[in-house]
Each structure stands twice: as structure tokens, then as C-alpha cells.
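What follows is a set of notes on a single structure, which appears directly below.
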Amino acid sequence: MARSLLRLLLRRAALPAAALALSTTRGGAQQRPAASESRTTGPDSSTRPTLVVFITVDQLRPDYFTRFGPQLSGGLGRLARGGAAFARAYQDHAITETAPGHASTLSGRFPRGTGIVTNAAGVGDLQAPLINSRGPGASPFRFRGSTLIDWMRTRDPRTRALSVSRKDRGAILPLGRAKQSVFWYDPDYAAPGGSGGSPGGFTTSRYYADTLPTWVARFDARAAAARFTGDSWQPLLPASAYPEPDSVPVEHNGTDFVFPHLLPNDPKQRAAELTQVPAMDSLTLALALEGLRTLDLGAGPQPDLLAISLSTTDAVGHRYGPDSRELHDQVLRLDRYLGAFLDSLYAFRDSSRVVIALTADHGVAPYPGVRSADPNQGARFLDPAKLAAPTLAALAKRGVAGDAFRFNDGVLQVDRAALARGGVNADSLVRAFAATMRATPGVMRAETLAEVARRDTTRDDVARRWLHMIPADVDVALVVTPRPYWPWGNGTYATHGIPQEHDAHVPLILYGPPFRAGRYARMARVVDMGPTLAAVLGVPPTERLDGRVLREAMRQR
């Protein structure tokens, strides 16, 4: 049965226009629970898990569960209704991007501890080239400290982990520096000797291995042929099921913003476009199932870890925004994909020995100027390059190089020695730039970290998130915080990255026998998930953490 479900997922991954629900109807009928789920109570329900499945959905906002709830008949709905769900859960740091968010998922620590502060300073590594690809190298060499898999292996060296994603940072950072099985999709991947016939596939870097495992190469070869049979992305349900208009020209930078979305005929272009459509999530889950079976994860007696990062919600959210019909359809498809994945998982792993955790790396703001359920009236994009341009021009006249004044992601860093050589007082420059920022429409505040530290961080969410963000050895001259719904960017796509509610608020769900199903009102943070899963496994962390154990959601042993 597991093999047949895997083949079904592969077929569906190739057909983004099809209705992808397993055991569902086009109208969204309830999915039949897997038979093995009935074994989640009884004498064995208190035994420690042999498999942790950690799912990060890139850019999944928690309000999607409310907005689309009646239509979620698959995995998202099952986890939300049957798990311990925290309504006030946050990525409690300031730069709400993919790399910092993923680094916090299983480390139990904020970016100030992991050292992963931005996407740009995430996993790129020229010394770790990809296998069978000319794409940029990647590794966790910037990551500091340990994660759940390290604690698990310290307790039992037989423990293994598999991490898969469309994105390199989504696959790498949940495991930290651990050299386990880590794979991500690369449109430039090409099988040796031209086998497989089409570009694109899952690969890894030489940080992890010198060659691609046979099972991954075979998966790529099968998927390469399958994914090129679909021609378009069509809505899963009838148009009447989507209240969102399908005619908003600002979406996708004014191009291809109406269903259906046709896929390119050129194989190389189609391999790249696959990262932007729902089928990518189906393919990622299929790889996770194949790896689980091949590596025999979760068979015991030791606990194993399967980390899955699903990236298409982020791609669709950026292109079309959180209020689009495309985003709505993507979440419905993700729900069906996860339902098929859970059915397959429970078909060959006892659900009484499996725990599942789900969260997101960040949220997203609506397109400024587009009518939204969010109060974004009057909001506009703030372009860091334009804001810094006058200062850079003045410095250039003094012969000061541009890298002496770096402003991005709301963070200003200066090279004091370079400024001094140009006759510029760094403190005066920073004060002047801070005053300019405070006078800029859409900027809420600009302050030094010393000024941030003097605020009441129990009540001031923004201040607390900035203090959680910056490592002690990173010299930051100023941090700038936009007002809610004023994102950093140049206006070409919806985005995230600021310390406001819409970007920091994420779902947090714990599912399985150790947890008490229900909604919890107490605030939780994503950094609480690592220590909570460690407590369930009976595994002590090997270092001091920022997160706490969410004991209110745990059953008494």
C-alpha cells in the first residue's frame, strides 16, 4: 500500500491541474481516517515515539485555518482538529525570513543564538558545491550550536534523520550542522551522463556526501518523466468555492494573474516553474515517503526524525498575495497532499509511536494597496535601497566606499574605520540617518539596540523580537521597524520580514498520543517546539535553550 500511495503522489505531482484529494470528492467530502489511527489509545499509547515528523510550511499564516477551515478535509484539517493547537504562537524574532525561521524550529533558540540572522547570510557556501549541479553551494557552516537531532543522537547514536525541502535552507537548517540525509530541489540538477532526460531534481551538497544516494537518483529519474506531463495549474474546486477575485492586476507583477496558469514547454523553464506551483509540495512529500521507507526510519527501537519543509505556499504567497484565489487553492491542495501523506505514513508506521509537529517559518503581509481582510489601507512598500541612497551618495563624495554603510532588512551596519578615514563621524551619521528614518512615512521607529534594551520587552513585542534577533558579536548601529503592513521591498511581490504581527504570527500544532488535543490560549513560540519534542522523547538538550516545554499540551505520564 505504501508503494502504491507513493506512485499516486508522484503521478499527482506531475498533474497540477488535477483534483488531488485522496479519499475526497471534488466537493471536499470528509477524508476517511487511516485504520491504524484507531490505535492511538490503549496500553501502548504512553510509550515513547519512534518517529518524529516535523513539518514546516513556508509562509503559512494561522488565519488560513479559519478562512478555509470548512474546506480543509485532508491533512491540515486533521492536524488542526485532532492536535494541540496554540492560537498565539510566534516566530518571536524581528527579521521574519525563511532562514532565521527554519533555524529556530528545532534548535530551541532564537537567531541571536543560532547565528542565522537573514536569508542572505543563511546557507550559501562556495566550499560545499552541489552534486550534479552548477547551482550555488550550500551548508550550515554559519549555524551555531545544536538541534533536536544532536540531542537525540547523544542519547542514542543509532538515531537518524532525513530532511527534505524545495529550498536548501528549508532542508538544511532544521538539522543544524548535523551530517544526516538532507536533500532539496534544484532546477539546475542534471543526472550524470544525461540520464533521466529532463533537468531539475533533488540533490544535496558535498557537505553531506560525495555522491547522491541511489534511492534519490532513482526518485529523480521517475519524477522527471512524470512532472512534465501536466500543462497547467487549474483550481481544485469550482469557481463558486473561492470568494477571492481572480482579476487583481498587481498580482505576479502584472502578468499571468488569472487562472489557468500554463506551464512552459521548455524543459529547463518548466523545471524552474515547478518551484512556483502546488505540485512541488506533492513531490517533496513523495520524496519524504520514499526516504522514510528506504532508510526504514521510525522502525525503532531508537527514535528517528523526519523533517519536511513545504515551500509552495511561500512561492504562491509572494506571487499572488495572501488574499488571492491562487493562495486559497494552494492551501486546499496542500491540505489534500498532507492527507495523502498521513494515510501513507500510518499505513506502514504504527500511529501510536509517531508524533507530528507543524509550524511555519513566518507569515506574510498583504499587497499594499490591495483590498485585504487585514487593515492595510494606506500602506506602501519601503525600499531599503532608496532609503539609503542619499546617504551613500554623500559618502561617495567623500571617497567612502558603499560597503561602509549597509542598510537592509531594517538593520544598519557601519564600518567605523572606513568612515573615519573619510572624515565622517560614525555616531553623527547614525543619528542623522535615524532622524531621517523616523520622519519617513511608514517607519514606526528607528533606534539603537541599547535603546531597544531599555524598553519593556514583556509588553513591547517589537523590542523583544529585536533583542532575540541579533547575536552579541554582530555589530549593529541601528534597527528600523516599519509600521504594520508596510513591508520592505520594491513593490514587485507580496512579502514578509518585519517584526509585526502579520509576519511573526504562525501556527503551532502538536499531534499524536503524547499531546492533549484542543486549542491553547497561552502564548507559545516556535523555539518551544524543540524542547517540547525532546521532553516527549525523554532526551535532554545538550545546551541552554530559549524555549520552554509546552507541558500544558502534554498528557500526564
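We label chains A, B, ... in the order they appear in the C-alpha cells, count residues from 1 in each chain, and number ligands from 1 in the order shown.
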
Strand (DSSP E) per DSSP on the backbone: members of stretch 336-385 of chain A, as a ChimeraX atom specification:
/A:354-359

Would you mind listing, for every residue of stretch 287-320 of chain A within 10 Å of stretch 178-184 of chain A, the two atoms forming the shortest contact and the distance between them in Å to one decimal, using only C-alpha atoms, sorted by chain and ascending residue number, as a tab-separated table?
residue	atom	partner	partner_atom	distance
A:Leu287	CA	A:Phe183	CA	9.2
A:Ala288	CA	A:Phe183	CA	9.7
A:Gly291	CA	A:Ser181	CA	9.0
A:Leu295	CA	A:Ser181	CA	9.5
A:Leu306	CA	A:Ser181	CA	9.7
A:Ala307	CA	A:Val182	CA	9.2
A:Ser309	CA	A:Trp184	CA	9.5

Excluding same-chain residues fewer than 5 positions from stretch 350-359 of chain A, what lies within 6 Å of it counting only C-alpha atoms, as a VMD selection string?
chain A and resid 37 40 45 49 to 56 507 to 512

With N, CA and C atoms retained, export the selected residues as a compact mmCIF listing (two decimals), in the first residue's frame.
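result_37.txt, freshly written:
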# COMPACT_ATOMS: atom_id res chain seq x y z
N GLU A 37 -5.06 4.73 12.84
CA GLU A 37 -5.19 5.84 13.77
C GLU A 37 -6.04 5.45 14.96
N THR A 40 -4.31 4.90 18.59
CA THR A 40 -3.62 5.94 19.33
C THR A 40 -3.99 5.95 20.81
N SER A 45 -0.08 3.52 24.11
CA SER A 45 -0.13 4.93 23.73
C SER A 45 0.83 5.78 24.54
N PRO A 49 7.78 7.79 21.41
CA PRO A 49 7.69 7.68 19.95
C PRO A 49 8.98 7.13 19.36
N THR A 50 8.83 6.48 18.24
CA THR A 50 9.99 6.05 17.45
C THR A 50 10.16 6.91 16.20
N LEU A 51 9.21 7.83 15.97
CA LEU A 51 9.34 8.71 14.81
C LEU A 51 8.75 10.08 15.14
N VAL A 52 9.54 11.11 14.91
CA VAL A 52 9.07 12.49 14.97
C VAL A 52 9.02 13.02 13.54
N VAL A 53 7.85 13.49 13.13
CA VAL A 53 7.68 14.12 11.82
C VAL A 53 7.46 15.61 12.07
N PHE A 54 8.41 16.41 11.64
CA PHE A 54 8.34 17.85 11.86
C PHE A 54 8.10 18.54 10.52
N ILE A 55 6.97 19.23 10.40
CA ILE A 55 6.56 19.84 9.14
C ILE A 55 6.57 21.36 9.29
N THR A 56 7.33 22.01 8.44
CA THR A 56 7.33 23.47 8.37
C THR A 56 6.72 23.87 7.03
N PRO A 507 1.19 29.24 12.85
CA PRO A 507 0.54 28.11 13.52
C PRO A 507 1.55 27.29 14.30
N LEU A 508 1.09 26.66 15.34
CA LEU A 508 1.91 25.70 16.10
C LEU A 508 0.98 24.58 16.55
N ILE A 509 1.17 23.40 15.98
CA ILE A 509 0.31 22.24 16.25
C ILE A 509 1.18 21.05 16.63
N LEU A 510 0.81 20.39 17.72
CA LEU A 510 1.46 19.15 18.17
C LEU A 510 0.42 18.04 18.14
N TYR A 511 0.74 16.94 17.48
CA TYR A 511 -0.26 15.91 17.18
C TYR A 511 0.31 14.53 17.50
N GLY A 512 -0.48 13.71 18.15
CA GLY A 512 -0.06 12.35 18.46
C GLY A 512 -0.39 12.00 19.89

Counting only C-alpha atoms, which residues in stretch 289-322 of chain A sit no more than 12 Å from stretch 64-88 of chain A? For each one, give the nearest pair of atoms and the distance in Å, sorted by chain then residue number, as CSV.
residue,atom,partner,partner_atom,distance
A:Thr313,CA,A:Tyr64,CA,11.1
A:Gly317,CA,A:Tyr64,CA,11.9
A:Pro322,CA,A:Tyr64,CA,9.0

Pull C-alpha atoms from the residues just selected and write them as a PDB file, in the first residue's frame.
ATOM      1  CA  THR A 313       2.765  28.398  -0.040  1.00  0.00           C
ATOM      2  CA  GLY A 317       2.021  33.961  -1.458  1.00  0.00           C
ATOM      3  CA  PRO A 322      -2.388  36.140   0.876  1.00  0.00           C
TER       4      PRO A 322
END

Would you return as a list of chain:residue names the members of stretch 250-302 of chain A that DSSP assigns to alpha helix (DSSP H) on this structure's backbone?
A:Pro267, A:Lys268, A:Gln269, A:Arg270, A:Ala271, A:Ala272, A:Glu273, A:Ala279, A:Met280, A:Asp281, A:Ser282, A:Leu283, A:Thr284, A:Leu285, A:Ala286, A:Leu287, A:Ala288, A:Leu289, A:Glu290, A:Gly291, A:Leu292, A:Arg293, A:Thr294, A:Leu295

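Rounded to one decimal, atom CA of A:Gly145 and atom CA of A:Glu447 lie 29.0 Å from each other.
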
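You will find atom CA of A:Arg416 at 20.4 Å from atom CA of A:Ala385.
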
Contacts between stretch 275-283 of chain A and stretch 74-174 of chain A, please, where a residue of stretch 74-174 of chain A counts if it comes within 10 Å (with only C-alpha atoms); show its shortest atom pair and distance in Å to one decimal, rows by chain and ascending number, as CSV.
residue,atom,partner,partner_atom,distance
A:Ser165,CA,A:Asp281,CA,8.5
A:Arg166,CA,A:Thr275,CA,7.1
A:Lys167,CA,A:Thr275,CA,9.1

For the residues selected in the previous step, produce a file with C-alpha atoms as a PDB file, in the first residue's frame.
ATOM      1  CA  SER A 165      12.529  20.635   1.094  1.00  0.00           C
ATOM      2  CA  ARG A 166      12.270  22.545  -2.130  1.00  0.00           C
ATOM      3  CA  LYS A 167      14.653  25.138  -0.616  1.00  0.00           C
TER       4      LYS A 167
END

For A:His362, the nearest of the candidates A:Ala99, A:Ala404, A:Ala388, A:Ala217, counting only C-alpha atoms
A:Ala99

Can you measure atom CA of A:Trp151 to atom CA of A:Asp546 for me? One decimal in Å is fine.
15.4 Å

Can you pull out the residues contacting A:Thr154? Cut-off 10 Å, using only C-alpha atoms, and skip same-chain residues under 3 positions away; I want them as a PyMOL selection string.
chain A and resi 148-151+157-159+539-542

With a cut-off of 10 Å, could you pull out the residues of stretch 458-536 of chain A touching stretch 425-434 of chain A and give me the nearest pair of atoms for each, distance in Å to one decimal, using only C-alpha atoms, ordered by chain and ascending number, as JSON lines?
{"residue": "A:Ala477", "atom": "CA", "partner": "A:Val430", "partner_atom": "CA", "distance": 6.9}
{"residue": "A:Leu478", "atom": "CA", "partner": "A:Val430", "partner_atom": "CA", "distance": 7.2}
{"residue": "A:Val479", "atom": "CA", "partner": "A:Ala434", "partner_atom": "CA", "distance": 8.8}
{"residue": "A:Val480", "atom": "CA", "partner": "A:Ala434", "partner_atom": "CA", "distance": 8.1}

Write out as a compact mmCIF listing (two decimals) with N, CA, C and O atoms, in the first residue's frame the residues lying within 12 Å of A:Thr211, counting only C-alpha atoms and excluding same-chain residues fewer than 5 positions away.
# COMPACT_ATOMS: atom_id res chain seq x y z
N PRO A 129 29.97 22.64 -2.84
CA PRO A 129 29.24 22.62 -4.11
C PRO A 129 28.18 21.53 -4.14
O PRO A 129 28.26 20.52 -3.42
N LEU A 130 27.18 21.76 -4.97
CA LEU A 130 26.09 20.79 -5.09
C LEU A 130 26.53 19.61 -5.94
O LEU A 130 27.44 19.71 -6.77
N ILE A 131 25.87 18.50 -5.74
CA ILE A 131 26.15 17.29 -6.51
C ILE A 131 25.33 17.33 -7.80
O ILE A 131 24.12 17.54 -7.77
N ASN A 132 26.01 17.16 -8.92
CA ASN A 132 25.38 17.13 -10.24
C ASN A 132 24.63 18.42 -10.56
O ASN A 132 23.56 18.41 -11.17
N SER A 133 25.18 19.54 -10.14
CA SER A 133 24.54 20.81 -10.42
C SER A 133 25.55 21.94 -10.39
O SER A 133 26.53 21.89 -9.64
N SER A 181 20.87 12.87 6.35
CA SER A 181 20.37 12.82 4.97
C SER A 181 19.56 14.07 4.70
O SER A 181 18.46 14.23 5.24
N ALA A 191 21.17 14.74 -14.06
CA ALA A 191 21.72 13.43 -13.74
C ALA A 191 22.99 13.18 -14.55
O ALA A 191 23.10 13.63 -15.69
N PRO A 192 23.97 12.49 -13.98
CA PRO A 192 25.23 12.22 -14.71
C PRO A 192 24.96 11.51 -16.02
O PRO A 192 24.13 10.60 -16.10
N THR A 203 18.74 17.19 -4.83
CA THR A 203 20.17 16.95 -4.68
C THR A 203 20.60 17.31 -3.27
O THR A 203 19.77 17.60 -2.40
N THR A 204 21.90 17.32 -3.04
CA THR A 204 22.47 17.74 -1.77
C THR A 204 23.83 18.35 -2.08
O THR A 204 24.20 18.51 -3.25
N SER A 205 24.56 18.72 -1.05
CA SER A 205 25.88 19.32 -1.27
C SER A 205 26.96 18.40 -0.73
O SER A 205 26.69 17.45 0.02
N ARG A 206 28.19 18.72 -1.06
CA ARG A 206 29.32 17.91 -0.62
C ARG A 206 29.63 18.08 0.86
O ARG A 206 30.50 17.39 1.39
N VAL A 216 17.68 8.37 -4.12
CA VAL A 216 17.31 9.73 -4.54
C VAL A 216 17.46 9.87 -6.06
O VAL A 216 16.61 10.47 -6.73
N ALA A 217 18.55 9.33 -6.61
CA ALA A 217 18.74 9.40 -8.06
C ALA A 217 17.61 8.68 -8.80
O ALA A 217 17.11 9.17 -9.83

Could you give me, as an mmCIF file with all heavy atoms, in the first residue's frame, the residues within 10 Å of A:Leu419, counting only C-alpha atoms and dropping anything in the same chain fewer than 4 positions from it?
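Printed below is part_9.cif as written:
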data_model
loop_
_atom_site.group_PDB
_atom_site.id
_atom_site.type_symbol
_atom_site.label_atom_id
_atom_site.label_comp_id
_atom_site.auth_asym_id
_atom_site.auth_seq_id
_atom_site.Cartn_x
_atom_site.Cartn_y
_atom_site.Cartn_z
ATOM 1 N N LEU A 395 28.333 59.957 1.068
ATOM 2 C CA LEU A 395 29.580 59.288 1.458
ATOM 3 C C LEU A 395 30.501 59.122 0.249
ATOM 4 O O LEU A 395 31.726 59.247 0.373
ATOM 5 C CB LEU A 395 29.275 57.934 2.092
ATOM 6 C CG LEU A 395 28.595 57.971 3.471
ATOM 7 C CD1 LEU A 395 28.229 56.562 3.918
ATOM 8 C CD2 LEU A 395 29.485 58.642 4.503
ATOM 9 N N ARG A 398 32.795 61.859 -0.421
ATOM 10 C CA ARG A 398 33.938 61.913 0.488
ATOM 11 C C ARG A 398 34.926 60.771 0.237
ATOM 12 O O ARG A 398 35.875 60.587 0.989
ATOM 13 C CB ARG A 398 33.453 61.854 1.939
ATOM 14 C CG ARG A 398 32.756 63.124 2.411
ATOM 15 C CD ARG A 398 32.262 62.930 3.834
ATOM 16 N NE ARG A 398 31.785 64.181 4.411
ATOM 17 C CZ ARG A 398 32.512 64.975 5.205
ATOM 18 N NH1 ARG A 398 33.769 64.647 5.478
ATOM 19 N NH2 ARG A 398 31.989 66.085 5.703
ATOM 20 N N GLY A 399 34.643 59.961 -0.782
ATOM 21 C CA GLY A 399 35.530 58.852 -1.096
ATOM 22 C C GLY A 399 35.334 57.635 -0.237
ATOM 23 O O GLY A 399 36.205 56.763 -0.185
ATOM 24 N N VAL A 400 34.186 57.552 0.452
ATOM 25 C CA VAL A 400 33.896 56.404 1.319
ATOM 26 C C VAL A 400 33.163 55.342 0.509
ATOM 27 O O VAL A 400 32.131 55.619 -0.111
ATOM 28 C CB VAL A 400 33.054 56.815 2.538
ATOM 29 C CG1 VAL A 400 32.733 55.596 3.397
ATOM 30 C CG2 VAL A 400 33.782 57.878 3.357
ATOM 31 N N ALA A 401 33.681 54.125 0.510
ATOM 32 C CA ALA A 401 33.074 53.023 -0.246
ATOM 33 C C ALA A 401 31.691 52.684 0.305
ATOM 34 O O ALA A 401 31.411 52.856 1.498
ATOM 35 C CB ALA A 401 33.978 51.792 -0.193
ATOM 36 N N ALA A 404 30.757 50.617 3.538
ATOM 37 C CA ALA A 404 30.942 51.191 4.879
ATOM 38 C C ALA A 404 29.607 51.572 5.511
ATOM 39 O O ALA A 404 29.549 51.875 6.713
ATOM 40 C CB ALA A 404 31.845 52.415 4.826
ATOM 41 N N PHE A 405 28.544 51.567 4.706
ATOM 42 C CA PHE A 405 27.202 51.910 5.187
ATOM 43 C C PHE A 405 26.235 50.915 4.561
ATOM 44 O O PHE A 405 25.887 51.021 3.394
ATOM 45 C CB PHE A 405 26.858 53.353 4.782
ATOM 46 C CG PHE A 405 25.548 53.855 5.319
ATOM 47 C CD1 PHE A 405 25.493 54.558 6.513
ATOM 48 C CD2 PHE A 405 24.366 53.646 4.620
ATOM 49 C CE1 PHE A 405 24.279 55.036 6.996
ATOM 50 C CE2 PHE A 405 23.149 54.118 5.100
ATOM 51 C CZ PHE A 405 23.106 54.816 6.289
ATOM 52 N N VAL A 414 27.694 49.791 10.048
ATOM 53 C CA VAL A 414 28.654 50.750 9.509
ATOM 54 C C VAL A 414 30.073 50.279 9.809
ATOM 55 O O VAL A 414 30.320 49.581 10.800
ATOM 56 C CB VAL A 414 28.431 52.161 10.096
ATOM 57 C CG1 VAL A 414 27.054 52.686 9.733
ATOM 58 C CG2 VAL A 414 28.632 52.170 11.609
ATOM 59 N N ASP A 415 30.977 50.640 8.931
ATOM 60 C CA ASP A 415 32.408 50.393 9.127
ATOM 61 C C ASP A 415 33.014 51.687 9.674
ATOM 62 O O ASP A 415 33.281 52.638 8.930
ATOM 63 C CB ASP A 415 33.053 50.001 7.796
ATOM 64 C CG ASP A 415 34.517 49.622 7.936
ATOM 65 O OD1 ASP A 415 35.170 50.086 8.896
ATOM 66 O OD2 ASP A 415 35.020 48.887 7.065
ATOM 67 N N GLY A 423 36.735 61.071 7.043
ATOM 68 C CA GLY A 423 36.405 62.260 7.822
ATOM 69 C C GLY A 423 34.958 62.304 8.281
ATOM 70 O O GLY A 423 34.426 63.393 8.545
ATOM 71 N N VAL A 424 34.326 61.156 8.407
ATOM 72 C CA VAL A 424 32.923 61.081 8.810
ATOM 73 C C VAL A 424 32.835 60.513 10.223
ATOM 74 O O VAL A 424 33.403 59.449 10.510
ATOM 75 C CB VAL A 424 32.106 60.203 7.842
ATOM 76 C CG1 VAL A 424 30.650 60.104 8.303
ATOM 77 C CG2 VAL A 424 32.183 60.750 6.428
ATOM 78 N N ASN A 425 32.119 61.208 11.100
ATOM 79 C CA ASN A 425 31.877 60.715 12.450
ATOM 80 C C ASN A 425 30.728 59.714 12.402
ATOM 81 O O ASN A 425 29.598 60.066 12.036
ATOM 82 C CB ASN A 425 31.541 61.878 13.386
ATOM 83 C CG ASN A 425 31.303 61.405 14.812
ATOM 84 O OD1 ASN A 425 30.229 60.908 15.138
ATOM 85 N ND2 ASN A 425 32.318 61.559 15.659
ATOM 86 N N ALA A 426 31.003 58.464 12.771
ATOM 87 C CA ALA A 426 30.012 57.405 12.640
ATOM 88 C C ALA A 426 28.778 57.668 13.494
ATOM 89 O O ALA A 426 27.635 57.470 13.034
ATOM 90 C CB ALA A 426 30.631 56.059 13.006
ATOM 91 N N LEU A 429 26.604 60.271 11.912
ATOM 92 C CA LEU A 429 25.960 59.723 10.723
ATOM 93 C C LEU A 429 24.765 58.856 11.100
ATOM 94 O O LEU A 429 23.690 58.959 10.504
ATOM 95 C CB LEU A 429 26.970 58.907 9.918
ATOM 96 C CG LEU A 429 26.443 58.266 8.634
ATOM 97 C CD1 LEU A 429 26.125 59.335 7.595
ATOM 98 C CD2 LEU A 429 27.444 57.273 8.064
#
